[in-house]
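Note: the block below is entry_37.txt and it holds compact mmCIF, N, CA and C atoms.
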# COMPACT_ATOMS: atom_id res chain seq x y z
N MET D 1 85.16 31.05 -5.46
CA MET D 1 85.91 32.30 -5.44
C MET D 1 86.10 32.80 -4.02
N LYS D 2 85.09 32.63 -3.16
CA LYS D 2 85.21 33.07 -1.78
C LYS D 2 86.31 32.30 -1.05
N LEU D 3 86.42 31.01 -1.35
CA LEU D 3 87.44 30.18 -0.73
C LEU D 3 88.83 30.68 -1.12
N PHE D 4 89.00 31.02 -2.41
CA PHE D 4 90.28 31.53 -2.88
C PHE D 4 90.65 32.82 -2.14
N GLY D 5 89.71 33.70 -1.96
CA GLY D 5 89.96 34.96 -1.24
C GLY D 5 90.36 34.72 0.20
N LYS D 6 89.68 33.79 0.86
CA LYS D 6 90.01 33.46 2.25
C LYS D 6 91.41 32.86 2.36
N LEU D 7 91.75 31.99 1.40
CA LEU D 7 93.08 31.37 1.38
C LEU D 7 94.16 32.43 1.14
N LEU D 8 93.87 33.36 0.27
CA LEU D 8 94.83 34.42 -0.02
C LEU D 8 95.07 35.29 1.21
N VAL D 9 94.01 35.65 1.92
CA VAL D 9 94.13 36.45 3.14
C VAL D 9 94.90 35.68 4.21
N ALA D 10 94.58 34.41 4.39
CA ALA D 10 95.25 33.59 5.40
C ALA D 10 96.73 33.44 5.09
N SER D 11 97.06 33.17 3.84
CA SER D 11 98.47 33.00 3.49
C SER D 11 99.24 34.33 3.63
N SER D 12 98.59 35.43 3.32
CA SER D 12 99.23 36.74 3.49
C SER D 12 99.54 37.01 4.96
N MET D 13 98.61 36.65 5.83
CA MET D 13 98.83 36.86 7.26
C MET D 13 99.99 36.01 7.77
N ILE D 14 100.09 34.79 7.27
CA ILE D 14 101.19 33.90 7.68
C ILE D 14 102.52 34.48 7.22
N VAL D 15 102.57 34.96 6.00
CA VAL D 15 103.81 35.55 5.47
C VAL D 15 104.19 36.78 6.29
N LEU D 16 103.24 37.63 6.60
CA LEU D 16 103.53 38.83 7.39
C LEU D 16 104.02 38.47 8.78
N ALA D 17 103.43 37.47 9.39
CA ALA D 17 103.85 37.05 10.73
C ALA D 17 105.26 36.49 10.68
N ALA D 18 105.58 35.76 9.64
CA ALA D 18 106.92 35.17 9.52
C ALA D 18 107.98 36.24 9.29
N CYS D 19 107.62 37.32 8.63
CA CYS D 19 108.58 38.37 8.33
C CYS D 19 108.69 39.42 9.43
N SER D 20 107.75 39.41 10.36
CA SER D 20 107.77 40.45 11.38
C SER D 20 108.95 40.24 12.33
N GLU D 21 109.39 41.33 12.90
CA GLU D 21 110.52 41.31 13.81
C GLU D 21 110.14 40.61 15.11
N SER D 22 111.02 39.74 15.57
CA SER D 22 110.77 39.04 16.83
C SER D 22 110.90 40.02 17.99
N MET D 23 110.02 39.85 18.95
CA MET D 23 110.02 40.71 20.13
C MET D 23 110.13 39.84 21.37
N PRO D 24 110.52 40.44 22.49
CA PRO D 24 110.60 39.65 23.71
C PRO D 24 109.23 39.09 24.09
N GLN D 25 109.27 37.96 24.77
CA GLN D 25 108.04 37.33 25.23
C GLN D 25 107.90 37.51 26.73
N GLU D 26 106.69 37.34 27.21
CA GLU D 26 106.45 37.41 28.64
C GLU D 26 107.15 36.23 29.32
N ILE D 27 107.69 36.46 30.50
CA ILE D 27 108.35 35.41 31.26
C ILE D 27 107.28 34.60 32.00
N ALA D 28 107.34 33.29 31.89
CA ALA D 28 106.46 32.40 32.65
C ALA D 28 107.20 32.07 33.95
N VAL D 29 106.94 32.88 34.97
CA VAL D 29 107.65 32.73 36.25
C VAL D 29 107.41 31.33 36.82
N GLY D 30 108.49 30.71 37.24
CA GLY D 30 108.41 29.36 37.79
C GLY D 30 108.38 28.26 36.74
N LYS D 31 108.31 28.64 35.45
CA LYS D 31 108.28 27.65 34.37
C LYS D 31 109.44 27.83 33.40
N ASP D 32 109.68 29.09 32.96
CA ASP D 32 110.77 29.33 32.02
C ASP D 32 112.11 29.07 32.71
N GLN D 33 113.03 28.57 31.90
CA GLN D 33 114.34 28.21 32.42
C GLN D 33 115.41 29.08 31.76
N CYS D 34 116.42 29.45 32.53
CA CYS D 34 117.54 30.23 32.01
C CYS D 34 118.31 29.39 30.99
N ALA D 35 118.57 29.96 29.83
CA ALA D 35 119.29 29.26 28.77
C ALA D 35 120.76 29.04 29.13
N ASN D 36 121.27 29.77 30.09
CA ASN D 36 122.68 29.64 30.46
C ASN D 36 122.88 28.70 31.65
N CYS D 37 122.25 29.01 32.77
CA CYS D 37 122.51 28.23 34.01
C CYS D 37 121.44 27.18 34.28
N LYS D 38 120.35 27.19 33.50
CA LYS D 38 119.25 26.23 33.61
C LYS D 38 118.38 26.39 34.86
N MET D 39 118.59 27.47 35.64
CA MET D 39 117.72 27.73 36.79
C MET D 39 116.35 28.18 36.29
N THR D 40 115.32 27.87 37.07
CA THR D 40 113.98 28.36 36.76
C THR D 40 113.94 29.86 37.05
N ILE D 41 113.35 30.62 36.15
CA ILE D 41 113.28 32.07 36.32
C ILE D 41 112.20 32.38 37.36
N SER D 42 112.64 32.99 38.47
CA SER D 42 111.72 33.26 39.58
C SER D 42 111.57 34.75 39.87
N GLU D 43 112.47 35.56 39.36
CA GLU D 43 112.42 37.01 39.60
C GLU D 43 112.44 37.74 38.26
N PRO D 44 111.26 38.00 37.68
CA PRO D 44 111.19 38.57 36.34
C PRO D 44 111.82 39.95 36.19
N LYS D 45 111.96 40.71 37.28
CA LYS D 45 112.56 42.04 37.15
C LYS D 45 114.07 41.99 36.89
N TYR D 46 114.66 40.81 37.02
CA TYR D 46 116.07 40.62 36.68
C TYR D 46 116.24 39.85 35.37
N ALA D 47 115.14 39.41 34.77
CA ALA D 47 115.19 38.58 33.57
C ALA D 47 115.67 39.36 32.35
N THR D 48 116.23 38.62 31.41
CA THR D 48 116.69 39.20 30.15
C THR D 48 116.30 38.24 29.02
N GLN D 49 116.37 38.75 27.80
CA GLN D 49 116.10 37.91 26.64
C GLN D 49 117.04 38.29 25.51
N LEU D 50 117.39 37.27 24.74
CA LEU D 50 118.26 37.46 23.59
C LEU D 50 117.55 36.83 22.40
N ILE D 51 117.47 37.57 21.31
CA ILE D 51 116.84 37.06 20.10
C ILE D 51 117.89 37.09 18.99
N THR D 52 118.21 35.91 18.48
CA THR D 52 119.25 35.80 17.45
C THR D 52 118.77 36.40 16.13
N GLU D 53 119.69 36.57 15.24
CA GLU D 53 119.39 37.10 13.92
C GLU D 53 118.36 36.22 13.19
N LYS D 54 118.37 34.92 13.48
CA LYS D 54 117.44 33.98 12.86
C LYS D 54 116.10 33.93 13.59
N GLY D 55 115.96 34.68 14.70
CA GLY D 55 114.69 34.75 15.41
C GLY D 55 114.54 33.81 16.59
N ARG D 56 115.60 33.08 16.93
CA ARG D 56 115.54 32.17 18.09
C ARG D 56 115.63 32.99 19.37
N LEU D 57 114.72 32.71 20.31
CA LEU D 57 114.64 33.47 21.55
C LEU D 57 115.20 32.66 22.72
N TYR D 58 116.06 33.30 23.50
CA TYR D 58 116.62 32.70 24.70
C TYR D 58 116.27 33.59 25.89
N LYS D 59 115.87 32.96 26.99
CA LYS D 59 115.52 33.70 28.21
C LYS D 59 116.56 33.41 29.28
N PHE D 60 116.82 34.42 30.11
CA PHE D 60 117.83 34.31 31.16
C PHE D 60 117.29 34.86 32.46
N ASP D 61 117.80 34.34 33.58
CA ASP D 61 117.32 34.77 34.89
C ASP D 61 118.11 35.92 35.48
N ASP D 62 119.18 36.35 34.81
CA ASP D 62 120.06 37.38 35.35
C ASP D 62 120.84 38.00 34.19
N ILE D 63 121.13 39.26 34.27
CA ILE D 63 121.91 39.94 33.23
C ILE D 63 123.26 39.25 33.04
N SER D 64 123.86 38.80 34.13
CA SER D 64 125.17 38.15 34.03
C SER D 64 125.08 36.84 33.25
N CYS D 65 123.97 36.12 33.36
CA CYS D 65 123.80 34.88 32.59
C CYS D 65 123.75 35.17 31.09
N MET D 66 123.02 36.23 30.71
CA MET D 66 122.95 36.57 29.29
C MET D 66 124.33 37.01 28.78
N ASN D 67 125.03 37.79 29.57
CA ASN D 67 126.37 38.23 29.17
C ASN D 67 127.30 37.04 28.99
N ASP D 68 127.27 36.08 29.94
CA ASP D 68 128.10 34.87 29.83
C ASP D 68 127.72 34.07 28.58
N TYR D 69 126.43 33.96 28.31
CA TYR D 69 125.96 33.22 27.15
C TYR D 69 126.46 33.88 25.85
N GLU D 70 126.39 35.19 25.79
CA GLU D 70 126.86 35.90 24.60
C GLU D 70 128.34 35.65 24.35
N VAL D 71 129.14 35.67 25.41
CA VAL D 71 130.59 35.44 25.29
C VAL D 71 130.88 34.01 24.83
N SER D 72 130.12 33.05 25.33
CA SER D 72 130.34 31.63 25.02
C SER D 72 129.76 31.21 23.67
N ASN D 73 128.89 32.01 23.09
CA ASN D 73 128.19 31.63 21.86
C ASN D 73 128.26 32.74 20.81
N THR D 74 129.42 33.28 20.61
CA THR D 74 129.57 34.43 19.71
C THR D 74 129.12 34.14 18.28
N GLU D 75 129.23 32.88 17.83
CA GLU D 75 128.85 32.56 16.45
C GLU D 75 127.35 32.72 16.21
N SER D 76 126.54 32.50 17.23
CA SER D 76 125.08 32.63 17.03
C SER D 76 124.49 33.90 17.65
N THR D 77 125.29 34.63 18.43
CA THR D 77 124.75 35.82 19.10
C THR D 77 125.34 37.12 18.58
N GLY D 78 126.15 37.05 17.56
CA GLY D 78 126.84 38.24 17.05
C GLY D 78 125.93 39.41 16.72
N ASN D 79 124.84 39.17 16.03
CA ASN D 79 123.92 40.25 15.65
C ASN D 79 122.60 40.14 16.39
N ALA D 80 122.63 39.51 17.54
CA ALA D 80 121.40 39.30 18.31
C ALA D 80 120.91 40.61 18.92
N LYS D 81 119.61 40.66 19.16
CA LYS D 81 119.02 41.77 19.90
C LYS D 81 118.89 41.31 21.34
N THR D 82 119.26 42.18 22.26
CA THR D 82 119.21 41.82 23.66
C THR D 82 118.27 42.77 24.40
N TYR D 83 117.52 42.20 25.31
CA TYR D 83 116.52 42.95 26.07
C TYR D 83 116.71 42.68 27.56
N VAL D 84 116.50 43.70 28.35
CA VAL D 84 116.55 43.59 29.80
C VAL D 84 115.24 44.11 30.37
N ALA D 85 114.91 43.64 31.56
CA ALA D 85 113.68 44.12 32.21
C ALA D 85 113.98 45.44 32.91
N ASP D 86 113.18 46.46 32.62
CA ASP D 86 113.25 47.72 33.35
C ASP D 86 112.83 47.38 34.78
N PHE D 87 113.74 47.56 35.74
CA PHE D 87 113.49 47.09 37.09
C PHE D 87 112.20 47.62 37.71
N PRO D 88 111.89 48.92 37.60
CA PRO D 88 110.65 49.40 38.22
C PRO D 88 109.37 48.81 37.61
N SER D 89 109.34 48.65 36.29
CA SER D 89 108.10 48.24 35.63
C SER D 89 108.06 46.77 35.21
N GLY D 90 109.22 46.16 35.02
CA GLY D 90 109.28 44.80 34.51
C GLY D 90 109.16 44.71 33.00
N GLU D 91 108.96 45.86 32.34
CA GLU D 91 108.82 45.93 30.88
C GLU D 91 110.18 45.68 30.22
N PHE D 92 110.20 44.91 29.13
CA PHE D 92 111.46 44.66 28.43
C PHE D 92 111.83 45.85 27.55
N ILE D 93 113.10 46.24 27.66
CA ILE D 93 113.65 47.34 26.86
C ILE D 93 114.94 46.84 26.22
N GLU D 94 115.35 47.47 25.13
CA GLU D 94 116.61 47.07 24.51
C GLU D 94 117.77 47.38 25.45
N LYS D 95 118.67 46.43 25.55
CA LYS D 95 119.81 46.55 26.45
C LYS D 95 120.63 47.81 26.14
N THR D 96 120.74 48.14 24.87
CA THR D 96 121.55 49.29 24.48
C THR D 96 120.99 50.61 24.96
N THR D 97 119.72 50.65 25.32
CA THR D 97 119.09 51.89 25.77
C THR D 97 119.00 51.99 27.29
N ALA D 98 119.35 50.92 27.99
CA ALA D 98 119.19 50.87 29.45
C ALA D 98 120.35 51.52 30.19
N THR D 99 120.05 51.98 31.39
CA THR D 99 121.06 52.44 32.34
C THR D 99 121.14 51.37 33.42
N PHE D 100 122.33 50.97 33.78
CA PHE D 100 122.53 49.89 34.74
C PHE D 100 123.12 50.39 36.03
N ILE D 101 122.70 49.76 37.13
CA ILE D 101 123.34 49.98 38.42
C ILE D 101 123.77 48.61 38.94
N LYS D 102 124.88 48.60 39.68
CA LYS D 102 125.46 47.33 40.11
C LYS D 102 126.00 47.44 41.52
N GLY D 103 125.89 46.31 42.24
CA GLY D 103 126.51 46.20 43.56
C GLY D 103 125.63 46.73 44.67
N GLY D 104 126.28 47.17 45.74
CA GLY D 104 125.55 47.69 46.89
C GLY D 104 124.64 46.63 47.48
N ASP D 105 123.39 47.01 47.72
CA ASP D 105 122.42 46.11 48.34
C ASP D 105 121.61 45.29 47.33
N ILE D 106 121.99 45.33 46.05
CA ILE D 106 121.27 44.57 45.02
C ILE D 106 121.64 43.09 45.14
N LYS D 107 120.63 42.25 45.12
CA LYS D 107 120.83 40.80 45.18
C LYS D 107 120.03 40.15 44.05
N SER D 108 120.69 39.83 42.96
CA SER D 108 120.00 39.21 41.83
C SER D 108 120.20 37.69 41.87
N PRO D 109 119.41 36.94 41.10
CA PRO D 109 119.40 35.48 41.19
C PRO D 109 120.77 34.79 41.06
N MET D 110 121.60 35.21 40.13
CA MET D 110 122.88 34.53 39.93
C MET D 110 124.08 35.35 40.41
N GLY D 111 123.82 36.34 41.21
CA GLY D 111 124.91 37.12 41.80
C GLY D 111 125.50 38.17 40.89
N GLY D 112 124.86 38.45 39.75
CA GLY D 112 125.33 39.53 38.90
C GLY D 112 125.07 40.87 39.56
N ASN D 113 124.07 40.89 40.44
CA ASN D 113 123.71 42.06 41.25
C ASN D 113 123.64 43.35 40.44
N THR D 114 122.94 43.24 39.32
CA THR D 114 122.77 44.38 38.41
C THR D 114 121.30 44.57 38.11
N GLN D 115 120.87 45.82 38.09
CA GLN D 115 119.50 46.17 37.72
C GLN D 115 119.55 47.09 36.50
N ALA D 116 118.54 46.99 35.64
CA ALA D 116 118.44 47.82 34.45
C ALA D 116 117.29 48.81 34.61
N TYR D 117 117.48 50.01 34.07
CA TYR D 117 116.46 51.06 34.15
C TYR D 117 116.29 51.72 32.79
N LYS D 118 115.04 51.99 32.45
CA LYS D 118 114.72 52.73 31.23
C LYS D 118 115.05 54.21 31.43
N ASP D 119 114.81 54.70 32.64
CA ASP D 119 114.99 56.11 32.97
C ASP D 119 116.27 56.32 33.77
N LYS D 120 117.17 57.13 33.25
CA LYS D 120 118.46 57.35 33.92
C LYS D 120 118.29 57.99 35.30
N ALA D 121 117.35 58.91 35.44
CA ALA D 121 117.12 59.56 36.74
C ALA D 121 116.67 58.54 37.78
N ALA D 122 115.82 57.61 37.37
CA ALA D 122 115.37 56.55 38.28
C ALA D 122 116.54 55.65 38.67
N ALA D 123 117.43 55.39 37.72
CA ALA D 123 118.63 54.58 38.00
C ALA D 123 119.53 55.28 39.00
N GLU D 124 119.73 56.58 38.80
CA GLU D 124 120.58 57.34 39.72
C GLU D 124 120.00 57.36 41.13
N LYS D 125 118.69 57.54 41.23
CA LYS D 125 118.03 57.54 42.53
C LYS D 125 118.16 56.18 43.21
N ALA D 126 117.91 55.11 42.45
CA ALA D 126 118.02 53.75 43.00
C ALA D 126 119.46 53.45 43.42
N ALA D 127 120.42 53.91 42.63
CA ALA D 127 121.83 53.68 42.97
C ALA D 127 122.17 54.31 44.31
N THR D 128 121.67 55.50 44.54
CA THR D 128 121.91 56.18 45.82
C THR D 128 121.26 55.41 46.95
N GLU D 129 120.01 55.02 46.77
CA GLU D 129 119.27 54.30 47.82
C GLU D 129 119.87 52.93 48.12
N LEU D 130 120.40 52.26 47.08
CA LEU D 130 120.92 50.91 47.25
C LEU D 130 122.45 50.86 47.42
N GLN D 131 123.06 52.04 47.48
CA GLN D 131 124.51 52.15 47.60
C GLN D 131 125.21 51.39 46.45
N ALA D 132 124.63 51.50 45.28
CA ALA D 132 125.15 50.84 44.07
C ALA D 132 125.84 51.87 43.20
N THR D 133 126.49 51.41 42.16
CA THR D 133 127.17 52.30 41.24
C THR D 133 126.55 52.20 39.85
N LEU D 134 126.52 53.32 39.14
CA LEU D 134 126.08 53.32 37.74
C LEU D 134 127.18 52.68 36.90
N THR D 135 126.76 51.83 35.96
CA THR D 135 127.74 51.20 35.08
C THR D 135 127.36 51.50 33.64
N PRO D 136 128.34 51.50 32.76
CA PRO D 136 128.03 51.76 31.34
C PRO D 136 127.25 50.64 30.70

Could I get this file's structure written as structure tokens?
Amino acid sequence: MKLFGKLLVASSMIVLAACSESMPQEIAVGKDQCANCKMTISEPKYATQLITEKGRLYKFDDISCMNDYEVSNTESTGNAKTYVADFPSGEFIEKTTATFIKGGDIKSPMGGNTQAYKDKAAAEKAATELQATLTP
């Protein structure tokens, strides 16, 4: 009877894990590769992640790489969740909630030259300091 109980608990945990929502993973700097350009991810504060509706996770080294990938793969990315790194903290946030700044003195890995911010005031301050512009 004890074995049955343990098996029931174990199988329940597996089912719950399988049904749980996929979340972004930590970037393995110098090991993870961009799904679009195949460059090794070396600057995690510019990294992004895309998780398809089926739960497949793709990592990118630059916001522009993820955007290019989405455009080129609309059949599998239509309902995907996208995450960007909050530039000050490196924490992944949903792309739809981020404030972006672009251009100026920003130099990102693939030349997208865009940074994401969780806090709009921090984005505005950084834009002024970096002579960048806020983008939608």

Phe100 (chain D) proximity check over D:Ser22, D:Ser76, D:Thr40, D:Thr135, using only C-alpha atoms: winner is D:Thr135

Can you pull out every residue from chain D that DSSP, working from the backbone, puts in strand (DSSP E), and format the result as a list in words?
Thr48, Gln49, Leu50, Ile51, Leu57, Tyr58, Lys59, Phe60, Lys81, Thr82, Tyr83, Val84, Ala85, Phe92, Ile93, Glu94, Thr99, Phe100, Ile101, Lys102, Thr114, Gln115, Ala116, Tyr117, Thr133, Leu134 and Thr135 of chain D

Quick one: of D:Ile101, D:Thr128, D:Cys37, D:Glu26, who's nearest to Asp68 (chain D), counting only C-alpha atoms?
D:Cys37

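For Asp105 (chain D), the residues within 10 Å (counting only C-alpha atoms, excluding itself and residues fewer than 2 positions away along the chain) are Lys102, Gly103, Lys107, Ser108, Asn113, Ala127, Glu129, Leu130, Gln131 and Ala132 of chain D.
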
Could you give me, as JSON lines, every region 90-131 of chain D residue with an atom at most 8 Å from region 44-63 of chain D, plus its closest atom pair and distance in Å to one decimal, counting only N, CA and C atoms, rows ordered by chain then number?
{"residue": "D:Gly90", "atom": "CA", "partner": "D:Lys45", "partner_atom": "CA", "distance": 5.0}
{"residue": "D:Glu91", "atom": "N", "partner": "D:Lys45", "partner_atom": "CA", "distance": 7.1}
{"residue": "D:Phe92", "atom": "CA", "partner": "D:Gln49", "partner_atom": "N", "distance": 7.7}
{"residue": "D:Ser108", "atom": "C", "partner": "D:Asp62", "partner_atom": "CA", "distance": 6.5}
{"residue": "D:Pro109", "atom": "N", "partner": "D:Asp62", "partner_atom": "CA", "distance": 5.8}
{"residue": "D:Met110", "atom": "N", "partner": "D:Asp62", "partner_atom": "CA", "distance": 5.5}
{"residue": "D:Gly111", "atom": "N", "partner": "D:Asp62", "partner_atom": "CA", "distance": 7.0}
{"residue": "D:Gly112", "atom": "CA", "partner": "D:Ile63", "partner_atom": "C", "distance": 6.2}
{"residue": "D:Asn113", "atom": "N", "partner": "D:Ile63", "partner_atom": "N", "distance": 7.0}
{"residue": "D:Thr114", "atom": "C", "partner": "D:Ile63", "partner_atom": "N", "distance": 6.6}
{"residue": "D:Gln115", "atom": "CA", "partner": "D:Tyr46", "partner_atom": "CA", "distance": 6.6}
{"residue": "D:Ala116", "atom": "N", "partner": "D:Lys45", "partner_atom": "C", "distance": 6.8}

All helix (DSSP H, G or I) residues (DSSP, backbone) inside region 14-130 of chain D, as a PDB file with N, CA and C atoms, in the coordinates of the input:
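Written out: out-v3.pdb:
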ATOM      1  N   ILE D  14     100.090  34.790   7.270  1.00  0.00           N
ATOM      2  CA  ILE D  14     101.190  33.900   7.680  1.00  0.00           C
ATOM      3  C   ILE D  14     102.520  34.480   7.220  1.00  0.00           C
ATOM      4  N   VAL D  15     102.570  34.960   6.000  1.00  0.00           N
ATOM      5  CA  VAL D  15     103.810  35.550   5.470  1.00  0.00           C
ATOM      6  C   VAL D  15     104.190  36.780   6.290  1.00  0.00           C
ATOM      7  N   LEU D  16     103.240  37.630   6.600  1.00  0.00           N
ATOM      8  CA  LEU D  16     103.530  38.830   7.390  1.00  0.00           C
ATOM      9  C   LEU D  16     104.020  38.470   8.780  1.00  0.00           C
ATOM     10  N   ALA D  17     103.430  37.470   9.390  1.00  0.00           N
ATOM     11  CA  ALA D  17     103.850  37.050  10.730  1.00  0.00           C
ATOM     12  C   ALA D  17     105.260  36.490  10.680  1.00  0.00           C
ATOM     13  N   ALA D  18     105.580  35.760   9.640  1.00  0.00           N
ATOM     14  CA  ALA D  18     106.920  35.170   9.520  1.00  0.00           C
ATOM     15  C   ALA D  18     107.980  36.240   9.290  1.00  0.00           C
ATOM     16  N   CYS D  19     107.620  37.320   8.630  1.00  0.00           N
ATOM     17  CA  CYS D  19     108.580  38.370   8.330  1.00  0.00           C
ATOM     18  C   CYS D  19     108.690  39.420   9.430  1.00  0.00           C
ATOM     19  N   PRO D  44     111.260  38.000  37.680  1.00  0.00           N
ATOM     20  CA  PRO D  44     111.190  38.570  36.340  1.00  0.00           C
ATOM     21  C   PRO D  44     111.820  39.950  36.190  1.00  0.00           C
ATOM     22  N   LYS D  45     111.960  40.710  37.280  1.00  0.00           N
ATOM     23  CA  LYS D  45     112.560  42.040  37.150  1.00  0.00           C
ATOM     24  C   LYS D  45     114.070  41.990  36.890  1.00  0.00           C
ATOM     25  N   TYR D  46     114.660  40.810  37.020  1.00  0.00           N
ATOM     26  CA  TYR D  46     116.070  40.620  36.680  1.00  0.00           C
ATOM     27  C   TYR D  46     116.240  39.850  35.370  1.00  0.00           C
ATOM     28  N   ILE D  63     121.130  39.260  34.270  1.00  0.00           N
ATOM     29  CA  ILE D  63     121.910  39.940  33.230  1.00  0.00           C
ATOM     30  C   ILE D  63     123.260  39.250  33.040  1.00  0.00           C
ATOM     31  N   SER D  64     123.860  38.800  34.130  1.00  0.00           N
ATOM     32  CA  SER D  64     125.170  38.150  34.030  1.00  0.00           C
ATOM     33  C   SER D  64     125.080  36.840  33.250  1.00  0.00           C
ATOM     34  N   CYS D  65     123.970  36.120  33.360  1.00  0.00           N
ATOM     35  CA  CYS D  65     123.800  34.880  32.590  1.00  0.00           C
ATOM     36  C   CYS D  65     123.750  35.170  31.090  1.00  0.00           C
ATOM     37  N   MET D  66     123.020  36.230  30.710  1.00  0.00           N
ATOM     38  CA  MET D  66     122.950  36.570  29.290  1.00  0.00           C
ATOM     39  C   MET D  66     124.330  37.010  28.780  1.00  0.00           C
ATOM     40  N   ASN D  67     125.030  37.790  29.570  1.00  0.00           N
ATOM     41  CA  ASN D  67     126.370  38.230  29.170  1.00  0.00           C
ATOM     42  C   ASN D  67     127.300  37.040  28.990  1.00  0.00           C
ATOM     43  N   ASP D  68     127.270  36.080  29.940  1.00  0.00           N
ATOM     44  CA  ASP D  68     128.100  34.870  29.830  1.00  0.00           C
ATOM     45  C   ASP D  68     127.720  34.070  28.580  1.00  0.00           C
ATOM     46  N   TYR D  69     126.430  33.960  28.310  1.00  0.00           N
ATOM     47  CA  TYR D  69     125.960  33.220  27.150  1.00  0.00           C
ATOM     48  C   TYR D  69     126.460  33.880  25.850  1.00  0.00           C
ATOM     49  N   GLU D  70     126.390  35.190  25.790  1.00  0.00           N
ATOM     50  CA  GLU D  70     126.860  35.900  24.600  1.00  0.00           C
ATOM     51  C   GLU D  70     128.340  35.650  24.350  1.00  0.00           C
ATOM     52  N   VAL D  71     129.140  35.670  25.410  1.00  0.00           N
ATOM     53  CA  VAL D  71     130.590  35.440  25.290  1.00  0.00           C
ATOM     54  C   VAL D  71     130.880  34.010  24.830  1.00  0.00           C
ATOM     55  N   SER D  72     130.120  33.050  25.330  1.00  0.00           N
ATOM     56  CA  SER D  72     130.340  31.630  25.020  1.00  0.00           C
ATOM     57  C   SER D  72     129.760  31.210  23.670  1.00  0.00           C
ATOM     58  N   THR D  74     129.420  33.280  20.610  1.00  0.00           N
ATOM     59  CA  THR D  74     129.570  34.430  19.710  1.00  0.00           C
ATOM     60  C   THR D  74     129.120  34.140  18.280  1.00  0.00           C
ATOM     61  N   GLU D  75     129.230  32.880  17.830  1.00  0.00           N
ATOM     62  CA  GLU D  75     128.850  32.560  16.450  1.00  0.00           C
ATOM     63  C   GLU D  75     127.350  32.720  16.210  1.00  0.00           C
ATOM     64  N   SER D  76     126.540  32.500  17.230  1.00  0.00           N
ATOM     65  CA  SER D  76     125.080  32.630  17.030  1.00  0.00           C
ATOM     66  C   SER D  76     124.490  33.900  17.650  1.00  0.00           C
ATOM     67  N   THR D  77     125.290  34.630  18.430  1.00  0.00           N
ATOM     68  CA  THR D  77     124.750  35.820  19.100  1.00  0.00           C
ATOM     69  C   THR D  77     125.340  37.120  18.580  1.00  0.00           C
ATOM     70  N   LYS D  95     118.670  46.430  25.550  1.00  0.00           N
ATOM     71  CA  LYS D  95     119.810  46.550  26.450  1.00  0.00           C
ATOM     72  C   LYS D  95     120.630  47.810  26.140  1.00  0.00           C
ATOM     73  N   THR D  96     120.740  48.140  24.870  1.00  0.00           N
ATOM     74  CA  THR D  96     121.550  49.290  24.480  1.00  0.00           C
ATOM     75  C   THR D  96     120.990  50.610  24.960  1.00  0.00           C
ATOM     76  N   THR D  97     119.720  50.650  25.320  1.00  0.00           N
ATOM     77  CA  THR D  97     119.090  51.890  25.770  1.00  0.00           C
ATOM     78  C   THR D  97     119.000  51.990  27.290  1.00  0.00           C
ATOM     79  N   LYS D 120     117.170  57.130  33.250  1.00  0.00           N
ATOM     80  CA  LYS D 120     118.460  57.350  33.920  1.00  0.00           C
ATOM     81  C   LYS D 120     118.290  57.990  35.300  1.00  0.00           C
ATOM     82  N   ALA D 121     117.350  58.910  35.440  1.00  0.00           N
ATOM     83  CA  ALA D 121     117.120  59.560  36.740  1.00  0.00           C
ATOM     84  C   ALA D 121     116.670  58.540  37.780  1.00  0.00           C
ATOM     85  N   ALA D 122     115.820  57.610  37.370  1.00  0.00           N
ATOM     86  CA  ALA D 122     115.370  56.550  38.280  1.00  0.00           C
ATOM     87  C   ALA D 122     116.540  55.650  38.670  1.00  0.00           C
ATOM     88  N   ALA D 123     117.430  55.390  37.720  1.00  0.00           N
ATOM     89  CA  ALA D 123     118.630  54.580  38.000  1.00  0.00           C
ATOM     90  C   ALA D 123     119.530  55.280  39.000  1.00  0.00           C
ATOM     91  N   GLU D 124     119.730  56.580  38.800  1.00  0.00           N
ATOM     92  CA  GLU D 124     120.580  57.340  39.720  1.00  0.00           C
ATOM     93  C   GLU D 124     120.000  57.360  41.130  1.00  0.00           C
ATOM     94  N   LYS D 125     118.690  57.540  41.230  1.00  0.00           N
ATOM     95  CA  LYS D 125     118.030  57.540  42.530  1.00  0.00           C
ATOM     96  C   LYS D 125     118.160  56.180  43.210  1.00  0.00           C
ATOM     97  N   ALA D 126     117.910  55.110  42.450  1.00  0.00           N
ATOM     98  CA  ALA D 126     118.020  53.750  43.000  1.00  0.00           C
ATOM     99  C   ALA D 126     119.460  53.450  43.420  1.00  0.00           C
ATOM    100  N   ALA D 127     120.420  53.910  42.630  1.00  0.00           N
ATOM    101  CA  ALA D 127     121.830  53.680  42.970  1.00  0.00           C
ATOM    102  C   ALA D 127     122.170  54.310  44.310  1.00  0.00           C
ATOM    103  N   THR D 128     121.670  55.500  44.540  1.00  0.00           N
ATOM    104  CA  THR D 128     121.910  56.180  45.820  1.00  0.00           C
ATOM    105  C   THR D 128     121.260  55.410  46.950  1.00  0.00           C
ATOM    106  N   GLU D 129     120.010  55.020  46.770  1.00  0.00           N
ATOM    107  CA  GLU D 129     119.270  54.300  47.820  1.00  0.00           C
ATOM    108  C   GLU D 129     119.870  52.930  48.120  1.00  0.00           C
ATOM    109  N   LEU D 130     120.400  52.260  47.080  1.00  0.00           N
ATOM    110  CA  LEU D 130     120.920  50.910  47.250  1.00  0.00           C
ATOM    111  C   LEU D 130     122.450  50.860  47.420  1.00  0.00           C
TER     112      LEU D 130
END

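The residue that comes closest to Ala85 (chain D), out of D:Lys118, D:Asn73, D:Gln25, D:Cys65 and on the basis of only N, CA and C atoms, is D:Lys118.
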
Using CA of Ala126 (chain D) and atom C of Glu70 (chain D) as the two end points, give the distance in Å to one decimal.
28.0 Å

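When CA of Ser72 (chain D) is paired with CA of Ala98 (chain D), their separation reads 22.7 Å.
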
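Here CA of Tyr117 (chain D) is placed at a distance of 4.7 Å from atom N of Phe87 (chain D).
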